[in-house]
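Everything below concerns the one structure shown next.
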Amino acid sequence: MVGRSKKRVLVGLMTAAALSVSMFVGVGSVSAATEKEGGRCDKEGDLSTGYALICEKKGTTLTWVNKTLPKGTYKVGSEMLLSGAAAFAGVPMNKGVEKAVAEINASGFLGKGAKIELITRDSAGKADLALAAVNEFVANKVSGIICCALSSIAGAISQVAANNQTPVIIDAAVLPGLAKPPYIHRTVIMTGAKNGVQWQSAQAMVKAIKAKTVAIPETSDNQGMVADAVMYKEAVTAAGATNVISIKTQAADTDLSGAASQIIAANPELVIPAMLGGPASRLVKALRDRGYKGRIVGNYGLSDQTNFAIAGASLAGVVMPVTFNPAKPINKLGRDIVKWWKSENGGALPSAYPGMGYTAAWYLAIAMKNSGDGSPANVAKALNKIGRMDSVYGTVRFNKGQIELARTAKPIFLEWQADATQKEWNGK
Amino acid sequence: MGPLLTSQKKRNENLLNLFIQQVLNGLAVGSAYGMFAMSFGLIFATMGILNVAHGTIATFGAIAALTVVENWGFSFFPALLIAILTGAAIGIVTDRLAFQPLRARANTLGYLITSIGVWIVLIALGETALDHQIKTFPPDLLSWPRLVTTNIYLAPGQIWLMIIGPISVVALYLVLTRTPIGTMIRAVGFSDVWSRISGVSSTVVILSTVGISAGLAGIVGYLSSIAFDNVSVPLGEGLLLKGFAAVVVGGFGDVRGAFLGGIIIGVTEVLGAQYVSGDFRDVITFGLLILFLLFRPEGIFGEIKFGAAR
């Protein structure tokens, strides 16, 4: 028999668990750089050949360096979202990390007999699991950590690593202000910054359709998405929208019919979800199913092919800004990533995520190589000296630990087509 | 009538339509919570097991149905049958493998810890089966009935939840109150010891209870995944949390109460998101749960004493 008191204890335990759960998303061409070693490398175009991996700041100039690590195995921790609501992003990102590490080890990039041992842990987007992973990495004295795809936990988790003098490369979280050298660096391009590509895409659409009423549904328990929503509101208001409606959803919401009904009742000409790709595509489908005919602008998370598997042709006409256009890569690294991904995935084009993981891993590897010994302290110092590197986005530079495009590039806006392809948006 | 009055009337109509739409949305999601609460509560009431893996069993119902729809072109009703059978099979297999060995020792906390272990295993299997992605059923699987007016829209999946929800309450209530197996299940729930003295086979009761309960979870997973365009592991976790709240609100001892609790939770959270804020959706749900635990812990329909069938 289960007595009343025992039952109450169980109910209490379950309640506590329920409440806690409810409160809670190439650099790689490795040719030797010796021919330029010691020379300057701060001019645009210097890095176009793909071996601009080791372009180090020396005072006000950038100089090529080419150190190596002694023979041995160097551990790198990787906290990934391999399950849970954001696994659609975490899984391809992890494949990008693994590809980079495989290249680094196969090419002897770190030095003769020096290899990376990758320790991957799935946090499922949960803070407790992410914290346990980071503590494990620190205890294992890793050279550095790749982590933190979700803004909701990235700040706290990366700071734990930094407090233990272990460098962290944030691979995807977009919350402003996360990069904090010397230990915390970020290799995701801040598309959500003011005047960034998301800002530009929102403004371009408001102007194109002369939208006055704009709905901005947001995932309100993801700080990165909340920051995006604030940015979108400012952008569309500046572009002429007069009625901006904010709609809150939660990352764990399985039913978006209420939010869709709320949006349709407001009758907006434009909807801009500040949400991760999976929930955003489900919301798009819910809106189209309910007869919404207005325009929708998303973020790069919506560009992943997995979204088409969710929303199908409902996605047609959705516009999203991207920093990496898989249909038209701008350099050899980009073409290599696309070729590799297509060969592994039945010809499907990659989203932005594999390239993000790949870039983060290479960034850390460059610092490890330049650290001389792979110790976390020296890797952190080396990270702070990396001036530029080649990437799938083209040449990038680092400003206070934050990756930036080294050139002023024309923003790329892609538009979903009903046949699951994407084309550059024609601005209408 | 002046243009100002016309405009005011139109605005009031729109507000009323939105209210009706959101109540219907709440009834649909509430039906899912209610059905899940019935299945979850039945196992607890009969066997004393708070099975936290139950939500993932619902997910497996959806995964199995998606598999047969995508690979063998099953239509809606045959796929529903597959969801029921898969849920029941997984429920029975996990009971035999994980819970049956514990019954001799009758450690109630052990059941909970074991169910957490089962949950973790099923989550890993579910993520692998779905390749870590959110999936959806083909749109042509279920195109009827669809309620579309100028102002109201209900998707076929939502309508089926609202149809099958009440049917399942009535059916389960009749099974429990009007059939021999139902009498045995209730008898064990009332007193396991006296039931055995009276010749009730605990094995039959356990297998029947788990089969009915997990089969119903399979139905909920299948219908919810269609209604919400979401075949994923988090779908089951959401059902578990809300279903648990519904059971507390409605009462563990009566399937009607559990279903009503689900409806209350569903409507409250949708209206809360509309008229308060989406930020407080879960706060409202679990606030309701805490209020019931404090002031009416037996739930709306009360409870029976629970027995652990061995």
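Starting from 1 in every chain, residues are counted up; chains themselves are A, B, ... following the order of the structure tokens, and ligands are numbered from 1 as listed.
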Inset, instruction - Identify all chain B residues at most 8 Å from chain A by counting only C-alpha atoms; ligands do not count. Present them as a ChimeraX atom specification. - result: /B:14,18,21-22,25-26,29,48,50,108-109,127,132-136,153,155,191-192,228-230,232-235,238,241,270,273-274,277-279,282,286,305-308
Inset, instruction - Can you list, as a PyMOL selection string, all residues belonging to region 29-277 of chain A that DSSP tags as strand (DSSP E)? - result: chain A and resi 55-58+61-64+72-80+114-122+144-147+168-170+184-186+213-219+243-249+270-271
Legend entry - DSSP helix (DSSP H, G or I) selection over region 19-215 of chain B, as a ChimeraX atom specification: /B:19-47,54-72,76-103,108-129,139-141,156-178,180-190,192-197,202-215
Legend entry - Nearby residues (only C-alpha atoms) at most 10 Å from Leu27 (chain B), same-chain spacing under 5 positions excluded, as an MDAnalysis selection string: chainID B and resid 21:22 32:34 158:159 161:162 165 262:268 270
Legend entry - Contacts of region 129-146 of chain A within 10 Å, only C-alpha atoms, excl. fewer than 5 positions in-chain, as number ranges by chain: A: 74-81, 94, 97, 116-124, 153-154, 156-158, 160-162, 164-172, 183-187, 357, 360-361, 363-365, 367-368, 371, 373-380
Inset, instruction - Using only C-alpha atoms, determine which residues lie at most 8 Å from region 233-242 of chain A, disregarding the query and same-chain residues fewer than 4 positions distant; provide the list as a list of chain:residue names. - result: A:Lys194, A:Trp199, A:Gln200, A:Ala202, A:Gln203, A:Val206, A:Lys207, A:Lys210, A:Ala211, A:Lys212, A:Thr213, A:Val214, A:Ile216, A:Ala229
Inset, instruction - Identify, on the basis of only C-alpha atoms, every residue whose closest approach to Ala83 (chain B) does not exceed 10 Å; exclude the query and any residue fewer than 3 positions from it along the same chain; express the result as JSON, numbers by chain. - result: {"B": [57, 58, 59, 60, 61, 62, 63, 64, 65, 66, 68, 77, 78, 79, 80, 86, 87, 88, 89, 214, 215, 216, 217, 218, 219, 220, 221, 222, 223]}
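In this comparison, which uses only C-alpha atoms, the residue of A:Ala208, A:Lys385, A:Leu175, A:Glu415 approaching Val297 (chain A) most closely is A:Glu415.
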